[in-house]
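Okay, so here's the structure we're looking at.
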Amino acid sequence: MPLSENARGALFMSIAMAAFTCNDALVKFVTSELSIAQIMAVRGIMTMLLVYAAARTVSSLGSWRVMLHPLVLLRGTFEIGATLTFLSALANIEFANASSIMQSLPLAVTLGAALFFGEPVGWRRWTAIAVGFLGVLLILKPGPEGFAPASLFAVGAVFFTAARDLTTRRMSKDIPTLSVTLFTTLANTIMGTLLIWPMGGWQPVSAGTFTCLAIASVAVFVGYQSVIMSMRGGEISFVAPFRYTSLVWALIIGILFFGEAPDFLMLLGAAIVIGSGLYTFYREAKRRTVTAAKTSPVSPSA
């Protein structure tokens, strides 16, 4: 039985979240051996080769001048910030905690769209955003004993990633997706290379570490492509909530491979963040339905 467009979109989104979470776990494994900069450089080179090969295969690379478009450059800058902050979080806090904080990304995107693009956000969604960020505070545990300052790296990653996504919304559809992905990977690779020496210099890469980064680069590539196929195949309001499956993977990986034991406050905060995000998706879908009903022409009566 063939899958519907929404079912296909949900499947690809779930695959993307599994791939990205596996990439994050592999990167966390090697942070004790390599600096963040070296990880960015080595993984970036391998991912860039994969993206370039895919773009050449489907002849969708486009002109190199696309990479000089101001929005492409701005998106690349935000991506660098997101990579640096999130990898710093992975290196210093528990895996599941970092992933839980990142679940507030849809709320941050909604907030940014309202503040910078003037998109309409009613009081219900404003309330959901506020409640969601209170959930983030529960995960952060802002007290003298429970708070880990490195958790702020994950918060920074949320806002850098939200800025990247908002910039992507403003980009013309004429700009090939693979060209944007290639430039993003190139920018991360160059920045990682430039930071290798300030961050401690080049360290020998063992066969095990190289294998981890090679698998991580494939996971990143699969994640990028799956997200694209997901968003193009299904309704956003139906597909987007499946982003939260990444937290399920993160909890499983954190427990099985990093020996983590999520506490009650972290789980409660994550539940609040996800609940708030799902509610904002619901309200956005309802708003679009109402808007479409108001703007659609009324059929003349027989």
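Letters A, B, ... go to the chains of the structure tokens in the order shown; residues in each chain start at 1; ligands are counted from 1 in the same order.
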For the contact check between range 27-77 of chain A and range 172-186 of chain A, emit one row per residue of range 27-77 of chain A within 8 Å, containing the shortest atom pair and the distance in Å rounded to one decimal, counting only C-alpha atoms, chain then rising number order, as JSON lines.
```
{"residue": "A:Gly44", "atom": "CA", "partner": "A:Thr185", "partner_atom": "CA", "distance": 5.8}
{"residue": "A:Ile45", "atom": "CA", "partner": "A:Leu186", "partner_atom": "CA", "distance": 7.7}
{"residue": "A:Thr47", "atom": "CA", "partner": "A:Thr185", "partner_atom": "CA", "distance": 7.0}
{"residue": "A:Met48", "atom": "CA", "partner": "A:Thr185", "partner_atom": "CA", "distance": 5.8}
{"residue": "A:Val51", "atom": "CA", "partner": "A:Leu182", "partner_atom": "CA", "distance": 6.0}
{"residue": "A:Tyr52", "atom": "CA", "partner": "A:Leu182", "partner_atom": "CA", "distance": 6.7}
{"residue": "A:Ala55", "atom": "CA", "partner": "A:Leu178", "partner_atom": "CA", "distance": 6.0}
{"residue": "A:Ser60", "atom": "CA", "partner": "A:Pro176", "partner_atom": "CA", "distance": 6.4}
{"residue": "A:Leu61", "atom": "CA", "partner": "A:Ser179", "partner_atom": "CA", "distance": 5.3}
{"residue": "A:Gly62", "atom": "CA", "partner": "A:Pro176", "partner_atom": "CA", "distance": 6.5}
{"residue": "A:Val66", "atom": "CA", "partner": "A:Ile175", "partner_atom": "CA", "distance": 6.8}
{"residue": "A:Met67", "atom": "CA", "partner": "A:Phe183", "partner_atom": "CA", "distance": 6.2}
{"residue": "A:Val72", "atom": "CA", "partner": "A:Val180", "partner_atom": "CA", "distance": 6.7}
{"residue": "A:Arg75", "atom": "CA", "partner": "A:Thr184", "partner_atom": "CA", "distance": 7.7}
{"residue": "A:Gly76", "atom": "CA", "partner": "A:Thr184", "partner_atom": "CA", "distance": 5.0}
```
Kindly save the residues from that selection, with N, CA, C and O atoms included, as a short mmCIF file (atom, residue, chain, number, x, y, z; two decimals), in the first residue's frame.
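Saved as selection33.cif:
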```
data_model
loop_
_atom_site.label_atom_id
_atom_site.label_comp_id
_atom_site.auth_asym_id
_atom_site.auth_seq_id
_atom_site.Cartn_x
_atom_site.Cartn_y
_atom_site.Cartn_z
N GLY A 44 33.73 18.20 8.13
CA GLY A 44 33.28 19.09 7.08
C GLY A 44 33.81 18.71 5.71
O GLY A 44 33.09 18.77 4.71
N ILE A 45 35.08 18.32 5.66
CA ILE A 45 35.67 17.93 4.37
C ILE A 45 34.93 16.72 3.80
O ILE A 45 34.57 16.68 2.61
N THR A 47 31.84 15.64 4.54
CA THR A 47 30.46 15.99 4.18
C THR A 47 30.42 16.79 2.89
O THR A 47 29.55 16.59 2.04
N MET A 48 31.39 17.70 2.74
CA MET A 48 31.44 18.54 1.54
C MET A 48 31.62 17.70 0.29
O MET A 48 31.00 17.95 -0.74
N VAL A 51 28.25 16.07 -0.51
CA VAL A 51 27.28 17.02 -1.06
C VAL A 51 27.66 17.38 -2.49
O VAL A 51 26.80 17.44 -3.38
N TYR A 52 28.95 17.63 -2.73
CA TYR A 52 29.40 18.00 -4.07
C TYR A 52 29.13 16.87 -5.06
O TYR A 52 28.65 17.11 -6.18
N ALA A 55 25.41 16.80 -5.78
CA ALA A 55 25.00 17.93 -6.61
C ALA A 55 25.42 17.74 -8.06
O ALA A 55 24.67 18.04 -8.99
N SER A 60 22.44 19.84 -10.09
CA SER A 60 21.68 20.90 -9.42
C SER A 60 22.57 21.82 -8.61
O SER A 60 22.12 22.45 -7.66
N LEU A 61 23.84 21.89 -8.99
CA LEU A 61 24.77 22.70 -8.22
C LEU A 61 24.55 24.18 -8.45
O LEU A 61 24.65 24.99 -7.55
N GLY A 62 24.25 24.56 -9.71
CA GLY A 62 24.06 25.97 -10.01
C GLY A 62 25.38 26.71 -10.11
O GLY A 62 26.46 26.15 -9.97
N VAL A 66 26.03 31.94 -6.76
CA VAL A 66 24.94 31.81 -5.78
C VAL A 66 25.48 31.92 -4.36
O VAL A 66 24.83 32.48 -3.47
N MET A 67 26.69 31.42 -4.15
CA MET A 67 27.27 31.42 -2.81
C MET A 67 27.61 32.82 -2.32
O MET A 67 27.86 33.01 -1.13
N VAL A 72 22.66 33.93 1.50
CA VAL A 72 23.43 32.69 1.61
C VAL A 72 24.61 32.91 2.55
O VAL A 72 24.91 32.06 3.41
N ARG A 75 23.24 33.20 6.10
CA ARG A 75 22.85 31.89 6.60
C ARG A 75 24.09 31.08 7.01
O ARG A 75 24.09 30.40 8.04
N GLY A 76 25.15 31.17 6.20
CA GLY A 76 26.38 30.47 6.53
C GLY A 76 26.99 30.95 7.84
O GLY A 76 27.51 30.17 8.63
#
```
Worksheet entry | Trp249 in chain A surroundings by only C-alpha atoms, 12 Å radius, close-in-sequence under 2 positions cut, as a PyMOL selection string | chain A and resi 14-25+95-96+99-100+243-247+251-257
Dump of N, CA, C and O atoms for the selected residues, as a CSV table (one decimal), in the first residue's frame:
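Wrote selection-v5.csv, looks like this:
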```csv
chain,number,residue,atom,x,y,z
A,14,SER,N,11.4,11.7,10.4
A,14,SER,CA,11.8,10.8,11.5
A,14,SER,C,13.2,10.3,11.2
A,14,SER,O,14.1,10.2,12.0
A,15,ILE,N,13.4,9.9,9.9
A,15,ILE,CA,14.8,9.5,9.4
A,15,ILE,C,15.8,10.6,9.6
A,15,ILE,O,16.9,10.3,10.1
A,16,ALA,N,15.4,11.8,9.3
A,16,ALA,CA,16.4,13.0,9.4
A,16,ALA,C,16.7,13.2,10.9
A,16,ALA,O,17.9,13.4,11.2
A,17,MET,N,15.8,13.1,11.8
A,17,MET,CA,16.1,13.3,13.2
A,17,MET,C,16.9,12.2,13.8
A,17,MET,O,17.8,12.5,14.6
A,18,ALA,N,16.7,11.0,13.3
A,18,ALA,CA,17.5,9.8,13.8
A,18,ALA,C,19.0,10.0,13.3
A,18,ALA,O,19.9,9.8,14.0
A,19,ALA,N,19.1,10.5,12.0
A,19,ALA,CA,20.4,10.7,11.4
A,19,ALA,C,21.2,11.8,12.1
A,19,ALA,O,22.4,11.7,12.5
A,20,PHE,N,20.5,12.9,12.4
A,20,PHE,CA,21.2,14.1,13.1
A,20,PHE,C,21.5,13.7,14.5
A,20,PHE,O,22.6,14.1,15.0
A,21,THR,N,20.7,12.9,15.2
A,21,THR,CA,21.0,12.6,16.6
A,21,THR,C,22.2,11.6,16.6
A,21,THR,O,23.0,11.7,17.5
A,22,CYS,N,22.2,10.7,15.6
A,22,CYS,CA,23.4,9.8,15.6
A,22,CYS,C,24.7,10.6,15.3
A,22,CYS,O,25.7,10.3,15.9
A,23,ASN,N,24.6,11.6,14.4
A,23,ASN,CA,25.7,12.4,14.2
A,23,ASN,C,26.2,13.1,15.4
A,23,ASN,O,27.4,13.1,15.8
A,24,ASP,N,25.3,13.6,16.2
A,24,ASP,CA,25.6,14.3,17.4
A,24,ASP,C,26.3,13.4,18.4
A,24,ASP,O,27.3,13.7,19.1
A,25,ALA,N,25.8,12.1,18.5
A,25,ALA,CA,26.4,11.2,19.4
A,25,ALA,C,27.8,10.8,19.0
A,25,ALA,O,28.7,10.7,19.9
A,95,PHE,N,24.4,14.5,27.0
A,95,PHE,CA,23.9,14.4,25.6
A,95,PHE,C,22.4,14.7,25.6
A,95,PHE,O,21.9,15.5,24.8
A,96,ALA,N,21.6,14.0,26.5
A,96,ALA,CA,20.1,14.2,26.5
A,96,ALA,C,19.8,15.6,26.8
A,96,ALA,O,18.8,16.2,26.3
A,99,SER,N,20.2,17.9,23.8
A,99,SER,CA,19.1,17.6,22.8
A,99,SER,C,17.8,18.2,23.3
A,99,SER,O,17.0,18.7,22.5
A,100,SER,N,17.5,18.1,24.6
A,100,SER,CA,16.3,18.6,25.2
A,100,SER,C,16.2,20.1,25.0
A,100,SER,O,15.1,20.6,24.6
A,243,ARG,N,9.8,16.3,14.3
A,243,ARG,CA,11.1,16.7,14.7
A,243,ARG,C,11.4,16.2,16.1
A,243,ARG,O,12.6,16.0,16.5
A,244,TYR,N,10.4,16.1,16.9
A,244,TYR,CA,10.6,15.8,18.3
A,244,TYR,C,11.0,14.4,18.6
A,244,TYR,O,11.3,14.0,19.7
A,245,THR,N,10.9,13.5,17.5
A,245,THR,CA,11.4,12.2,17.7
A,245,THR,C,12.9,12.1,18.0
A,245,THR,O,13.4,11.1,18.5
A,246,SER,N,13.6,13.2,17.7
A,246,SER,CA,15.0,13.3,18.0
A,246,SER,C,15.3,13.1,19.5
A,246,SER,O,16.3,12.6,19.9
A,247,LEU,N,14.4,13.6,20.3
A,247,LEU,CA,14.6,13.5,21.7
A,247,LEU,C,14.5,12.1,22.2
A,247,LEU,O,15.2,11.7,23.1
A,251,LEU,N,17.5,10.3,24.2
A,251,LEU,CA,17.3,9.7,25.6
A,251,LEU,C,17.9,8.3,25.5
A,251,LEU,O,18.6,7.8,26.4
A,252,ILE,N,17.5,7.5,24.5
A,252,ILE,CA,18.0,6.1,24.3
A,252,ILE,C,19.5,6.1,24.2
A,252,ILE,O,20.2,5.3,24.9
A,253,ILE,N,20.1,6.9,23.4
A,253,ILE,CA,21.5,6.9,23.2
A,253,ILE,C,22.2,7.4,24.5
A,253,ILE,O,23.3,6.8,24.9
A,254,GLY,N,21.7,8.4,25.1
A,254,GLY,CA,22.3,8.9,26.4
A,254,GLY,C,22.3,7.8,27.4
A,254,GLY,O,23.3,7.7,28.1
A,255,ILE,N,21.3,7.1,27.6
A,255,ILE,CA,21.2,6.0,28.6
A,255,ILE,C,22.1,4.8,28.2
A,255,ILE,O,22.9,4.4,29.1
A,256,LEU,N,22.0,4.4,27.0
A,256,LEU,CA,22.7,3.2,26.6
A,256,LEU,C,24.2,3.4,26.4
A,256,LEU,O,25.0,2.5,26.7
A,257,PHE,N,24.6,4.5,25.8
A,257,PHE,CA,26.0,4.7,25.4
A,257,PHE,C,26.8,5.7,26.3
A,257,PHE,O,28.0,5.6,26.3
```
